[in-house]
Amino acid sequence: MNLDDDKRLAAEAAVAEVRDGMMVGLGTGSTAAHMIRALGRRVGEGLKMDAVATSHASADLARELGIRVHDFADVARVDLTIDGADEIDGLMLVVKGAGGAMLREKCVAAASDRMVVIADGAKRVERIGKAAVPVEVLPFAKAYVTRVLAERSDAVLRMAGGEAYLTDQGNLVLDCAFHDLSDPHEVAAWLQGIPGVLGHGLFLSEVDGAYLADGGVVTRLER
Ligand code: 5RP
């Protein structure tokens, strides 16, 4: 069993929650891609479902596999969202956004009756905070927001191919290694109060359950 097998097993376990008639939120990343492929197989076998996607990449993959994907702008409520994570602790506090989709992921999670995280065991931590927290920033406010974030973190502008990485919304990402993340709720509230910060990867109340696979064994957590 390698890490990718564990991602696939966690994804397949979560997909078993999907029922006919559901509107499903599709997460982003390599584990979410396994989930989308598993859903595509079930749709091929007759499952009737609809989806919204948290990124262009996930929407494209889902459509290729025959999944009906709607524009989230037209969808007010989602039954179940299945998404990956970069870190998850026992209280289901989660860091997301290594794939840069955290703002859309947060919107879709908020609209969802239930959100489950799927991850390989390496993402399970005692306490979130080792991974940098991605912060989505309006390009107009880059210098100001960088200055403010630097008061409490080592903030690094995410790059891709020698240029600033841009999210699906055309915004920048600053990956912030916080000097102190012992109170993530306080940090999240502080981030939300900075003009020019559009979103961040701290998911502190959104996640209802998780499927974590380690060495081929899937563990289910519920809030
Ligand atoms: C994207 C995310 C991903 O879900 C997270 O980075 C996990 O990715 P992977 O499954 O590839 O490890 O938050 O914004």
# chains A, B, ... in the order shown; residues from 1 in each chain; ligands from 1
call {"tool": "residues_around", "arguments": {"residues": "stretch 140-146 of chain A", "least_positions_apart": "3", "cutoff": "9 Å", "atoms": "only C-alpha atoms", "output": "PyMOL selection string"}}
result
chain A and resi 137+149-151+155-157+172+174+194-197
call {"tool": "residues_near_ligand", "arguments": {"ligand": "ligand 1", "cutoff": "9 Å", "atoms": "only C-alpha atoms and all ligand atoms", "output": "NGL selection string"}}
result
:A and (7 or 27-34 or 54-55 or 83-87 or 95-105 or 117-120 or 123 or 134 or 201)
call {"tool": "atom_distance", "arguments": {"atom1": "atom CA of A:Gly25", "atom2": "atom CA of A:Thr81"}}
result
4.0 Å
call {"tool": "closest_residue", "arguments": {"among": "A:Glu222, A:Asp168, A:Asp214, A:Asp183", "to": "A:Ser58", "atoms": "only C-alpha atoms"}}
result
A:Asp168
call {"tool": "select_by_dssp", "arguments": {"residues": "stretch 7-37 of chain A", "states": "alpha helix (DSSP H)", "output": "count of residues only"}}
result
17
call {"tool": "residues_around", "arguments": {"residues": "stretch 109-113 of chain A", "least_positions_apart": "2", "cutoff": "8 Å", "atoms": "only C-alpha atoms", "output": "list in words"}}
result
Gly25, Ala76, Arg77, Val78, Asp79, Leu80, Thr81, Glu105, Lys106, Cys107, Met115, Glu206 and Val207 of chain A
call {"tool": "atom_distance", "arguments": {"atom1": "atom CA of A:Val15", "atom2": "atom CA of A:Met35"}}
result
6.5 Å
call {"tool": "closest_residue", "arguments": {"among": "A:Phe203, A:Phe178, A:Phe72, A:Tyr211", "to": "A:Gly129", "atoms": "only C-alpha atoms"}}
result
A:Phe178
call {"tool": "atom_distance", "arguments": {"atom1": "atom CA of A:Leu138", "atom2": "atom CA of A:Ser205"}}
result
24.4 Å
call {"tool": "residues_around", "arguments": {"residues": "A:Val52", "least_positions_apart": "6", "cutoff": "8 Å", "atoms": "only C-alpha atoms", "output": "list of chain:residue names"}}
result
A:Met23, A:Val24, A:Gly25, A:Leu26, A:Ala59, A:Val69, A:His70, A:Asp71, A:Phe72, A:Val75
